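The structure file upload_5.cif is reproduced below (mmCIF, C-alpha atoms).
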```cif
data_entry
loop_
_atom_site.label_atom_id
_atom_site.label_comp_id
_atom_site.auth_asym_id
_atom_site.auth_seq_id
_atom_site.Cartn_x
_atom_site.Cartn_y
_atom_site.Cartn_z
CA MET A 25 210.05 -8.24 -36.95
CA GLU A 26 213.76 -7.88 -37.30
CA LEU A 27 213.75 -5.29 -34.53
CA LEU A 28 211.81 -7.58 -32.24
CA LEU A 29 214.20 -10.43 -32.85
CA LYS A 30 217.12 -8.15 -32.06
CA LEU A 31 215.39 -7.10 -28.87
CA CYS A 32 214.71 -10.66 -27.85
CA LEU A 33 218.35 -11.60 -28.37
CA ALA A 34 219.50 -8.53 -26.45
CA PHE A 35 217.41 -9.58 -23.48
CA VAL A 36 218.58 -13.17 -23.69
CA GLN A 37 222.06 -11.77 -23.09
CA VAL A 38 220.84 -9.58 -20.24
CA GLY A 39 219.19 -12.59 -18.62
CA MET A 40 222.22 -14.79 -19.14
CA PHE A 41 224.91 -12.48 -17.80
CA SER A 42 223.23 -10.60 -14.97
CA VAL A 43 224.63 -12.62 -12.11
CA GLY A 44 223.92 -11.37 -8.62
CA GLY A 45 220.48 -9.87 -8.70
CA GLY A 46 218.69 -6.71 -9.73
CA TYR A 47 221.25 -3.98 -9.94
CA ALA A 48 223.76 -6.14 -11.74
CA ALA A 49 221.38 -6.08 -14.69
CA ILE A 50 221.32 -2.30 -15.10
CA PRO A 51 224.71 -1.82 -16.81
CA LEU A 52 223.98 -4.83 -19.02
CA ILE A 53 220.65 -3.44 -20.16
CA GLN A 54 222.24 -0.07 -20.78
CA ASP A 55 225.00 -1.69 -22.78
CA GLN A 56 222.61 -3.70 -24.95
CA ILE A 57 219.66 -1.37 -25.37
CA VAL A 58 221.24 2.08 -25.28
CA ASN A 59 224.78 1.68 -26.51
CA ARG A 60 224.69 -1.31 -28.79
CA TYR A 61 221.32 -1.21 -30.51
CA GLY A 62 220.36 2.42 -29.79
CA LEU A 63 216.81 1.36 -29.02
CA MET A 64 216.45 3.92 -26.22
CA THR A 65 218.13 7.20 -25.31
CA LEU A 66 220.05 7.52 -22.06
CA ALA A 67 217.36 9.87 -20.67
CA GLU A 68 214.66 7.30 -21.42
CA PHE A 69 216.79 4.68 -19.79
CA SER A 70 217.15 6.64 -16.56
CA ASP A 71 213.38 7.17 -16.57
CA LEU A 72 213.09 3.43 -16.83
CA ILE A 73 215.28 2.92 -13.77
CA THR A 74 213.09 5.34 -11.82
CA VAL A 75 209.94 3.47 -12.79
CA ALA A 76 211.53 0.12 -12.08
CA GLU A 77 212.50 1.26 -8.60
CA MET A 78 209.02 2.55 -7.86
CA THR A 79 207.15 -0.53 -9.02
CA PRO A 80 207.21 -4.15 -7.94
CA GLY A 81 209.05 -6.82 -9.83
CA PRO A 82 212.61 -7.56 -10.89
CA ILE A 83 214.33 -4.74 -12.70
CA SER A 84 215.20 -6.79 -15.77
CA ILE A 85 211.57 -7.87 -16.24
CA ASN A 86 210.48 -4.28 -15.75
CA SER A 87 212.90 -2.99 -18.32
CA SER A 88 212.21 -5.72 -20.84
CA THR A 89 208.51 -4.92 -20.54
CA PHE A 90 209.09 -1.17 -20.80
CA VAL A 91 211.37 -1.45 -23.81
CA GLY A 92 209.16 -4.07 -25.45
CA MET A 93 206.03 -1.97 -24.99
CA ARG A 94 207.60 1.14 -26.43
CA LEU A 95 209.11 -0.55 -29.42
CA GLY A 96 206.77 -3.38 -30.25
CA GLY A 97 203.51 -3.21 -28.28
CA VAL A 98 202.19 -6.29 -26.52
CA GLY A 99 204.08 -8.61 -28.85
CA GLY A 100 207.27 -6.78 -27.95
CA VAL A 101 206.55 -7.19 -24.26
CA LEU A 102 206.03 -10.93 -24.60
CA LEU A 103 209.09 -11.49 -26.75
CA CYS A 104 211.46 -9.36 -24.63
CA THR A 105 210.32 -10.85 -21.36
CA LEU A 106 210.53 -14.35 -22.76
CA GLY A 107 214.08 -13.64 -23.91
CA CYS A 108 214.95 -12.25 -20.51
CA ILE A 109 213.78 -15.26 -18.48
CA LEU A 110 214.71 -18.06 -20.88
CA PRO A 111 218.35 -18.43 -19.76
CA SER A 112 217.53 -18.36 -16.06
CA PHE A 113 214.68 -20.78 -16.60
CA ILE A 114 216.95 -23.34 -18.25
CA ILE A 115 219.81 -22.89 -15.79
CA CYS A 116 217.69 -22.91 -12.65
CA TYR A 117 215.63 -25.84 -13.86
CA THR A 118 218.83 -27.84 -14.24
CA LEU A 119 220.14 -26.70 -10.85
CA ALA A 120 216.82 -27.56 -9.21
CA HIS A 121 216.99 -31.03 -10.69
CA PHE A 122 220.43 -31.68 -9.22
CA TYR A 123 219.61 -30.01 -5.92
CA TYR A 124 216.63 -32.28 -5.30
CA LYS A 125 218.54 -35.32 -6.46
CA TYR A 126 221.51 -34.82 -4.16
CA ARG A 127 220.33 -32.64 -1.32
CA THR A 128 219.91 -35.50 1.11
CA VAL A 129 223.51 -36.64 0.65
CA GLY A 130 225.43 -35.99 3.88
CA GLY A 131 228.32 -34.10 2.34
CA VAL A 132 226.04 -31.80 0.36
CA GLN A 133 224.19 -31.03 3.58
CA VAL A 134 227.40 -29.91 5.30
CA VAL A 135 228.28 -27.57 2.45
CA LEU A 136 224.76 -26.15 2.16
CA GLY A 137 224.73 -25.71 5.92
CA ALA A 138 227.55 -23.22 5.61
CA LEU A 139 225.63 -21.21 3.02
CA ARG A 140 222.52 -20.78 5.13
CA PRO A 141 223.86 -18.33 7.76
CA ALA A 142 225.16 -16.14 4.92
CA VAL A 143 221.80 -16.15 3.19
CA VAL A 144 220.13 -15.13 6.45
CA ALA A 145 222.65 -12.30 6.80
CA MET A 146 222.02 -11.08 3.27
CA ILE A 147 218.26 -11.09 3.71
CA GLY A 148 218.84 -9.12 6.91
CA SER A 149 221.08 -6.68 5.12
CA ALA A 150 218.54 -6.13 2.34
CA GLY A 151 215.87 -5.67 4.99
CA LEU A 152 217.95 -3.10 6.84
CA SER A 153 218.56 -1.01 3.75
CA ILE A 154 214.87 -0.96 2.84
CA LEU A 155 214.03 -0.10 6.47
CA LEU A 156 216.43 2.85 6.42
CA LEU A 157 215.04 3.96 3.09
CA GLY A 158 211.56 3.79 4.54
CA LEU A 159 212.27 5.51 7.86
CA PHE A 160 214.96 8.03 6.85
CA GLN A 161 214.86 8.03 3.03
CA SER A 162 218.58 7.47 3.25
CA ASP A 163 221.23 4.75 3.50
CA LEU A 164 223.31 3.55 6.44
CA PHE A 165 225.97 6.23 6.10
CA HIS A 166 223.67 9.21 5.82
CA ILE A 167 221.05 8.72 8.50
CA SER A 168 220.36 11.43 11.04
CA LEU A 169 217.65 11.62 13.66
CA SER A 170 216.22 14.80 12.18
CA ASN A 171 215.28 12.86 9.05
CA LEU A 172 213.28 10.27 10.95
CA ARG A 173 209.80 9.98 9.51
CA VAL A 174 207.42 9.37 12.40
CA VAL A 175 204.50 7.99 10.38
CA GLU A 176 206.70 5.36 8.75
CA LEU A 177 208.24 4.43 12.09
CA GLY A 178 204.77 3.97 13.57
CA ILE A 179 203.68 1.84 10.63
CA PHE A 180 206.82 -0.26 10.81
CA LEU A 181 206.41 -0.97 14.52
CA ALA A 182 202.68 -1.63 14.22
CA SER A 183 203.18 -3.94 11.21
CA LEU A 184 205.95 -5.83 12.94
CA TYR A 185 203.78 -6.30 16.03
CA ILE A 186 200.80 -7.47 13.97
CA VAL A 187 202.81 -9.80 11.78
CA ARG A 188 204.53 -11.46 14.75
CA LYS A 189 201.48 -11.70 16.95
CA TYR A 190 198.73 -12.65 14.49
CA LYS A 191 200.63 -14.29 11.60
CA VAL A 192 198.91 -12.10 9.02
CA SER A 193 199.96 -12.66 5.40
CA ALA A 194 202.73 -10.48 4.03
CA VAL A 195 200.66 -9.14 1.15
CA LEU A 196 198.00 -7.89 3.56
CA ILE A 197 200.58 -6.15 5.74
CA ILE A 198 202.18 -4.35 2.81
CA LEU A 199 198.91 -3.22 1.26
CA GLY A 200 197.57 -2.26 4.69
CA SER A 201 200.58 -0.13 5.50
CA GLY A 202 200.23 1.54 2.10
CA VAL A 203 196.62 2.49 2.77
CA VAL A 204 197.08 3.54 6.41
CA GLY A 205 200.24 5.52 5.69
CA THR A 206 198.80 7.36 2.71
CA LEU A 207 195.77 8.30 4.78
CA CYS A 208 198.03 9.54 7.61
CA TYR A 209 199.73 11.91 5.18
CA LEU A 210 196.67 13.00 3.24
CA LEU A 211 194.00 13.29 5.95
CA PRO A 212 195.48 16.25 7.88
CA GLY A 213 195.65 18.19 4.62
CA LEU A 214 192.04 17.39 3.77
CA VAL A 215 190.83 18.29 7.27
CA GLY A 216 192.84 21.52 7.13
CA LEU A 217 191.10 22.49 3.91
CA ALA A 218 187.66 21.88 5.41
CA MET B 7 191.69 -42.38 -7.15
CA LYS B 8 194.08 -41.15 -9.77
CA GLN B 9 191.47 -38.73 -11.00
CA ASP B 10 191.21 -37.30 -7.48
CA GLN B 11 194.92 -36.76 -7.24
CA LYS B 12 194.99 -34.94 -10.53
CA LYS B 13 192.21 -32.64 -9.42
CA LEU B 14 194.00 -31.89 -6.18
CA ASP B 15 197.18 -31.11 -8.09
CA LEU B 16 195.40 -28.61 -10.28
CA LYS B 17 194.06 -26.88 -7.23
CA LYS B 18 197.51 -26.73 -5.69
CA LEU B 19 198.98 -25.59 -8.98
CA PHE B 20 196.55 -22.72 -8.97
CA VAL B 21 197.51 -21.88 -5.37
CA LEU B 22 201.14 -21.81 -6.51
CA LEU B 23 200.36 -19.50 -9.42
CA ARG B 24 198.21 -17.22 -7.30
CA SER B 25 200.76 -17.05 -4.46
CA MET B 26 203.57 -16.13 -6.84
CA PHE B 27 201.35 -13.54 -8.48
CA MET B 28 200.42 -11.89 -5.18
CA LEU B 29 203.97 -11.92 -3.85
CA SER B 30 205.38 -10.53 -7.05
CA ALA B 31 202.76 -7.79 -7.18
CA CYS B 32 203.75 -6.60 -3.73
CA THR B 33 207.51 -6.77 -3.90
CA PHE B 34 209.35 -3.53 -3.91
CA GLY B 35 213.08 -3.36 -3.61
CA GLY B 36 215.01 -6.26 -4.94
CA GLY B 37 215.40 -9.98 -4.83
CA PHE B 38 215.94 -10.68 -1.16
CA VAL B 39 212.68 -8.97 -0.34
CA ILE B 40 210.68 -11.45 -2.37
CA VAL B 41 212.69 -14.30 -0.90
CA SER B 42 211.60 -13.35 2.59
CA LEU B 43 208.01 -13.07 1.40
CA MET B 44 208.28 -16.50 -0.28
CA LYS B 45 209.71 -17.93 2.92
CA LYS B 46 206.74 -16.61 4.85
CA LYS B 47 204.26 -17.93 2.29
CA PHE B 48 205.67 -21.33 1.35
CA VAL B 49 207.40 -22.31 4.59
CA GLU B 50 205.22 -20.78 7.28
CA GLU B 51 201.76 -20.51 5.71
CA LEU B 52 201.49 -23.35 3.19
CA GLN B 53 204.27 -25.53 4.65
CA TRP B 54 205.28 -26.78 1.23
CA LEU B 55 208.97 -26.25 1.88
CA GLU B 56 211.25 -26.65 4.87
CA GLU B 57 213.08 -23.65 6.18
CA ASP B 58 216.52 -25.02 5.31
CA GLU B 59 215.29 -25.85 1.83
CA MET B 60 214.17 -22.26 1.31
CA LEU B 61 217.60 -20.99 2.34
CA ASP B 62 219.28 -23.45 -0.04
CA VAL B 63 216.99 -22.29 -2.83
CA THR B 64 217.97 -18.71 -2.05
CA ALA B 65 221.66 -19.53 -2.26
CA ILE B 66 221.15 -21.30 -5.59
CA THR B 67 219.07 -18.48 -7.07
CA GLN B 68 221.66 -15.97 -6.00
CA SER B 69 224.42 -17.89 -7.71
CA ALA B 70 222.54 -18.41 -10.98
CA PRO B 71 222.21 -15.62 -13.54
CA GLY B 72 218.96 -13.80 -14.12
CA PRO B 73 216.37 -12.13 -11.92
CA LEU B 74 216.26 -13.66 -8.47
CA PRO B 75 212.48 -13.95 -8.12
CA VAL B 76 212.25 -15.78 -11.44
CA ASN B 77 215.02 -18.15 -10.43
CA ALA B 78 213.39 -18.90 -7.09
CA SER B 79 210.03 -19.50 -8.81
CA VAL B 80 211.58 -22.01 -11.20
CA ILE B 81 213.04 -24.04 -8.33
CA ILE B 82 210.02 -23.89 -6.03
CA GLY B 83 207.72 -24.75 -8.94
CA TYR B 84 209.99 -27.66 -9.89
CA LYS B 85 209.91 -29.01 -6.36
CA MET B 86 206.12 -28.92 -6.21
CA PHE B 87 205.03 -30.07 -9.68
CA GLY B 88 208.06 -30.51 -11.94
CA PHE B 89 208.14 -28.75 -15.28
CA VAL B 90 204.52 -27.59 -15.21
CA GLY B 91 205.10 -26.18 -11.74
CA SER B 92 208.10 -24.20 -12.90
CA LEU B 93 206.10 -22.75 -15.77
CA ALA B 94 203.17 -21.82 -13.55
CA ALA B 95 205.36 -20.27 -10.86
CA VAL B 96 207.35 -18.19 -13.36
CA LEU B 97 204.16 -17.05 -15.05
CA GLY B 98 202.80 -15.92 -11.69
CA THR B 99 205.99 -14.05 -10.95
CA ILE B 100 206.39 -12.20 -14.24
CA LEU B 101 202.75 -11.31 -14.90
CA PRO B 102 202.40 -8.50 -12.31
CA PRO B 103 205.46 -6.49 -13.39
CA MET B 104 204.54 -7.05 -17.05
CA ILE B 105 201.01 -5.76 -16.54
CA ILE B 106 202.02 -2.89 -14.26
CA ILE B 107 204.88 -1.65 -16.43
CA SER B 108 202.84 -1.98 -19.62
CA LEU B 109 200.16 0.24 -18.09
CA ILE B 110 202.68 2.69 -16.68
CA SER B 111 204.57 3.03 -19.93
CA LEU B 112 201.32 4.31 -21.45
CA CYS B 113 200.87 7.07 -18.84
CA TYR B 114 204.36 7.43 -17.51
CA ASP B 115 204.45 11.18 -16.80
CA GLN B 116 201.25 11.22 -14.79
CA PHE B 117 202.52 8.29 -12.77
CA ARG B 118 205.87 9.80 -11.95
CA THR B 119 204.53 13.15 -10.80
CA ASN B 120 201.49 11.93 -8.86
CA PRO B 121 202.04 12.84 -5.16
CA VAL B 122 199.61 10.24 -3.79
CA ILE B 123 201.43 7.43 -5.56
CA ALA B 124 204.75 8.73 -4.27
CA ILE B 125 203.47 8.73 -0.68
CA ALA B 126 201.90 5.28 -0.98
CA LEU B 127 205.13 3.81 -2.37
CA GLN B 128 207.17 5.44 0.40
CA VAL B 129 205.00 4.23 3.29
CA MET B 130 204.73 0.72 1.84
CA ARG B 131 208.46 0.38 2.38
CA ALA B 132 207.81 0.47 6.14
CA GLY B 133 205.41 -2.46 5.73
CA VAL B 134 207.87 -4.40 3.59
CA ALA B 135 210.59 -3.74 6.17
CA ALA B 136 208.34 -5.11 8.92
CA VAL B 137 207.70 -8.34 7.00
CA ILE B 138 211.41 -8.82 6.36
CA ALA B 139 212.22 -8.06 9.98
CA ASP B 140 209.78 -10.78 11.04
CA VAL B 141 211.35 -13.31 8.68
CA VAL B 142 214.89 -12.37 9.68
CA ILE B 143 214.12 -12.63 13.40
CA ASN B 144 212.89 -16.20 12.85
CA LEU B 145 215.79 -17.19 10.59
CA ALA B 146 218.50 -15.63 12.72
CA GLY B 147 216.98 -17.25 15.79
CA ASN B 148 217.32 -20.63 14.14
CA VAL B 149 220.95 -20.00 13.24
CA LEU B 150 221.62 -19.03 16.86
CA LYS B 151 219.85 -22.23 18.00
CA THR B 152 222.37 -24.39 16.12
CA ARG B 153 224.86 -23.10 18.75
CA ARG B 154 227.64 -23.56 16.23
CA THR B 155 230.14 -20.76 16.66
CA LEU B 156 231.21 -21.11 13.03
CA TYR B 157 227.69 -20.50 11.71
CA ILE B 158 226.97 -17.60 14.03
CA ALA B 159 230.29 -15.97 13.21
CA MET B 160 229.63 -16.46 9.48
CA MET B 161 226.22 -14.85 9.80
CA VAL B 162 227.59 -11.81 11.62
CA THR B 163 230.52 -11.44 9.25
CA ALA B 164 228.34 -11.81 6.16
CA PHE B 165 225.94 -9.20 7.50
CA PHE B 166 228.76 -6.77 8.16
CA ALA B 167 230.33 -7.49 4.75
CA THR B 168 227.18 -6.85 2.71
CA CYS B 169 225.76 -4.07 4.81
CA VAL B 170 228.77 -1.94 5.75
CA LEU B 171 231.47 -2.92 3.30
CA GLY B 172 229.08 -3.28 0.38
CA ILE B 173 230.56 -6.58 -0.79
CA SER B 174 228.35 -8.24 -3.40
CA ALA B 175 226.12 -11.13 -2.41
CA MET B 176 227.72 -13.33 -5.04
CA VAL B 177 231.18 -12.96 -3.46
CA VAL B 178 229.79 -13.69 0.01
CA ILE B 179 228.07 -16.84 -1.27
CA LEU B 180 231.26 -18.06 -2.94
CA CYS B 181 233.32 -17.46 0.22
CA CYS B 182 230.79 -19.37 2.29
CA LEU B 183 230.78 -22.16 -0.27
CA ALA B 184 234.56 -22.42 0.20
CA ILE B 185 234.14 -22.49 3.99
CA GLY B 186 231.46 -25.14 3.59
CA LEU B 187 233.79 -27.33 1.54
CA LEU B 188 236.53 -26.93 4.15
CA ASP B 189 234.00 -27.79 6.83
CA LEU B 190 233.06 -30.92 4.88
CA ALA B 191 236.71 -31.92 4.47
CA TRP B 192 237.26 -31.40 8.20
CA SER B 193 234.22 -33.44 9.24
CA LEU B 194 235.20 -36.28 6.89
CA HIS B 195 238.68 -36.20 8.38
CA LYS B 196 237.23 -36.34 11.89
CA THR B 197 234.85 -39.23 11.19
CA LYS B 198 237.70 -41.14 9.57
CA ALA B 199 239.85 -40.63 12.66
CA LYS B 200 236.95 -41.65 14.86
CA GLY B 201 236.33 -44.74 12.74
CA LYS B 202 239.94 -45.78 13.22
CA GLU B 203 239.66 -45.26 16.96
CA CYS B 204 236.57 -47.45 17.18
CA ALA B 205 238.22 -50.18 15.16
#
```
Would you give me this structure, written as structure tokens?
Amino acid sequence: MELLLKLCLAFVQVGMFSVGGGYAAIPLIQDQIVNRYGLMTLAEFSDLITVAEMTPGPISINSSTFVGMRLGGVGGVLLCTLGCILPSFIICYTLAHFYYKYRTVGGVQVVLGALRPAVVAMIGSAGLSILLLGLFQSDLFHISLSNLRVVELGIFLASLYIVRKYKVSAVLIILGSGVVGTLCYLLPGLVGLA
Amino acid sequence: MKQDQKKLDLKKLFVLLRSMFMLSACTFGGGFVIVSLMKKKFVEELQWLEEDEMLDVTAITQSAPGPLPVNASVIIGYKMFGFVGSLAAVLGTILPPMIIISLISLCYDQFRTNPVIAIALQVMRAGVAAVIADVVINLAGNVLKTRRTLYIAMMVTAFFATCVLGISAMVVILCCLAIGLLDLAWSLHKTKAKGKECA
């Protein structure tokens, strides 16, 4: 019980101080879980990062679940995750309250108006890096045409066409590209065997 | 009448929970990915939020601590159904990673070395990229439509800053907040001057 409480508190701190999205949380988790409380080894922690990158969901939720499961079973998962989201819940709830109270005020509109182009740019930037990772398995500074993966390029173009033309839901597109792409890679091998 | 409304709310609340669950289950690769999926779902499909509102929510979630998808869920849930909405939206968002990671932590080695899973995860990125590209084309188009040089320049600069220079999103948001405040000061100054002229 004492361990679980420690864990919960550790993740409250992770949730409270990880400003600026996913990767900002990694050093904090390492600091709390590996260095401070010694609840995981560094090797286990890097495994955790690998899993978190391969699976959906925010990295801090992934790690709180992973750590919680290993150390305290389902109860550990619930407690760690609760600790992790509690600070953001309280803070964002308060911010939401004020946003909806004042968002129609003219001055607030002008200021928010200046934030919007930047948000668009950052979504674009995140999109570009995931596109490069998908098509070249590389980042902006290390792409070369020889690394271009043709199947992924085909799926990207087809998905983009479908999503713009037919307004298909995002979930369907992502799952569809997973199925089609996996088949593209696996089928030739299966046919070759037969 | 009131009974009807309550029933309808419950239905919508369930839609909220389910949408968050589905989006969260399919989001690989960081906070801005899920934001573009949320934009597609809640602005384009369900039309619960306006486009500008979604961008504001994104800016707020980026500035607040904690995981971005959770933050966005709290605000969108609040807008729709207040406190209960926030709870439902957050629950929808955190359940998929909790379930998936719990299962994986039980059979971690098989998962990591399975080639089919590796391929599926790799090709899904192409699909995710397509969805984001769609959202960005729409959003950037709308910024261009404002025909305000300041906004277009800010968009291009912010893109360059995050993408090439690797400046953190938080810093970009703060800079733009400062520009926004200056813009506000300038427009107040102008309307004051105009008011004097009219008088």
Residues of segment 39-135 of chain B that have any atom at most 8 Å from an atom of segment 170-187 of chain B: could you tabulate them with the shortest-distance atom pair and the distance in Å to one decimal, using only C-alpha atoms, ordered by chain and increasing number, as a tab-separated table?
```
residue	atom	partner	partner_atom	distance
B:Ala65	CA	B:Ile179	CA	7.0
B:Gln68	CA	B:Met176	CA	6.7
B:Ser69	CA	B:Met176	CA	6.2
```
- In the coordinates of the file, take the point (202.8, 7.0, -13.8) and a cut-off of 12 Å; then, counting only C-alpha atoms, name each qualifying protein, DNA or RNA residue as a list in words.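 Output of the proximity query reads Asp71, Leu72, Thr74, Val75, Ala76, Met78 and Thr79 of chain A; Ile106, Ile107, Ser108, Leu109, Ile110, Ser111, Leu112, Cys113, Tyr114, Asp115, Gln116, Phe117, Arg118, Thr119, Asn120, Pro121, Val122, Ile123 and Ala124 of chain B.
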- Message: Taking 6 positions as the minimum chain separation for residues in the same chain, which residues sit within 10 Å of segment 169-175 of chain A when counting only C-alpha atoms? Answer as a VMD selection string.
- Response: (chain A and resid 156 158 to 162 204 to 206 208 to 209) or (chain B and resid 129 132)
- When the PyMOL selection byres ((chain B) within 6 of (chain A)) is applied to the file above, which residues end up in the set, as a ChimeraX atom specification? /B:30-34,38,61,68,71-74,77,81,103-104,125-126,129-136,138,142,157,161,164-165,169,176,182,186-187,190
- Note on the structure: Of B:Gly91, B:Pro75, B:Gly201, B:Gly98, the one nearest to Met28 of chain B when counting all atoms listed in the file is B:Gly98
Once you've located segment 139-157 of chain A in the structure I gave, write it as a short mmCIF file (atom, residue, chain, number, x, y, z; two decimals), in the first residue's frame, keeping N, CA and C atoms.
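That gives us selection_13.cif:
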```
data_model
loop_
_atom_site.label_atom_id
_atom_site.label_comp_id
_atom_site.auth_asym_id
_atom_site.auth_seq_id
_atom_site.Cartn_x
_atom_site.Cartn_y
_atom_site.Cartn_z
N LEU A 139 -3.01 33.10 -31.86
CA LEU A 139 -2.51 31.77 -31.51
C LEU A 139 -2.87 30.74 -32.58
N ARG A 140 -3.98 30.97 -33.26
CA ARG A 140 -4.49 29.94 -34.17
C ARG A 140 -3.53 29.58 -35.31
N PRO A 141 -2.95 30.57 -36.01
CA PRO A 141 -2.03 30.18 -37.10
C PRO A 141 -0.88 29.32 -36.57
N ALA A 142 -0.40 29.63 -35.36
CA ALA A 142 0.70 28.87 -34.80
C ALA A 142 0.29 27.43 -34.52
N VAL A 143 -0.94 27.27 -34.02
CA VAL A 143 -1.42 25.92 -33.74
C VAL A 143 -1.52 25.12 -35.04
N VAL A 144 -2.03 25.78 -36.09
CA VAL A 144 -2.10 25.12 -37.39
C VAL A 144 -0.70 24.67 -37.81
N ALA A 145 0.27 25.57 -37.67
CA ALA A 145 1.64 25.25 -38.06
C ALA A 145 2.19 24.07 -37.27
N MET A 146 1.87 24.02 -36.00
CA MET A 146 2.42 22.93 -35.17
C MET A 146 1.76 21.59 -35.48
N ILE A 147 0.47 21.64 -35.80
CA ILE A 147 -0.17 20.39 -36.24
C ILE A 147 0.48 19.93 -37.54
N GLY A 148 0.72 20.90 -38.44
CA GLY A 148 1.38 20.57 -39.71
C GLY A 148 2.75 19.98 -39.49
N SER A 149 3.48 20.57 -38.57
CA SER A 149 4.83 20.10 -38.30
C SER A 149 4.83 18.68 -37.73
N ALA A 150 3.89 18.43 -36.80
CA ALA A 150 3.77 17.06 -36.26
C ALA A 150 3.38 16.09 -37.36
N GLY A 151 2.49 16.54 -38.25
CA GLY A 151 2.06 15.70 -39.36
C GLY A 151 3.22 15.37 -40.29
N LEU A 152 4.05 16.38 -40.57
CA LEU A 152 5.18 16.16 -41.46
C LEU A 152 6.14 15.13 -40.87
N SER A 153 6.41 15.25 -39.57
CA SER A 153 7.39 14.32 -39.01
C SER A 153 6.85 12.89 -39.00
N ILE A 154 5.55 12.73 -38.78
CA ILE A 154 5.01 11.36 -38.81
C ILE A 154 4.95 10.85 -40.25
N LEU A 155 4.74 11.77 -41.20
CA LEU A 155 4.74 11.37 -42.61
C LEU A 155 6.13 10.87 -43.03
N LEU A 156 7.16 11.61 -42.63
CA LEU A 156 8.53 11.22 -42.97
C LEU A 156 8.89 9.89 -42.32
N LEU A 157 8.44 9.75 -41.07
CA LEU A 157 8.70 8.49 -40.37
C LEU A 157 8.02 7.33 -41.08
#
```
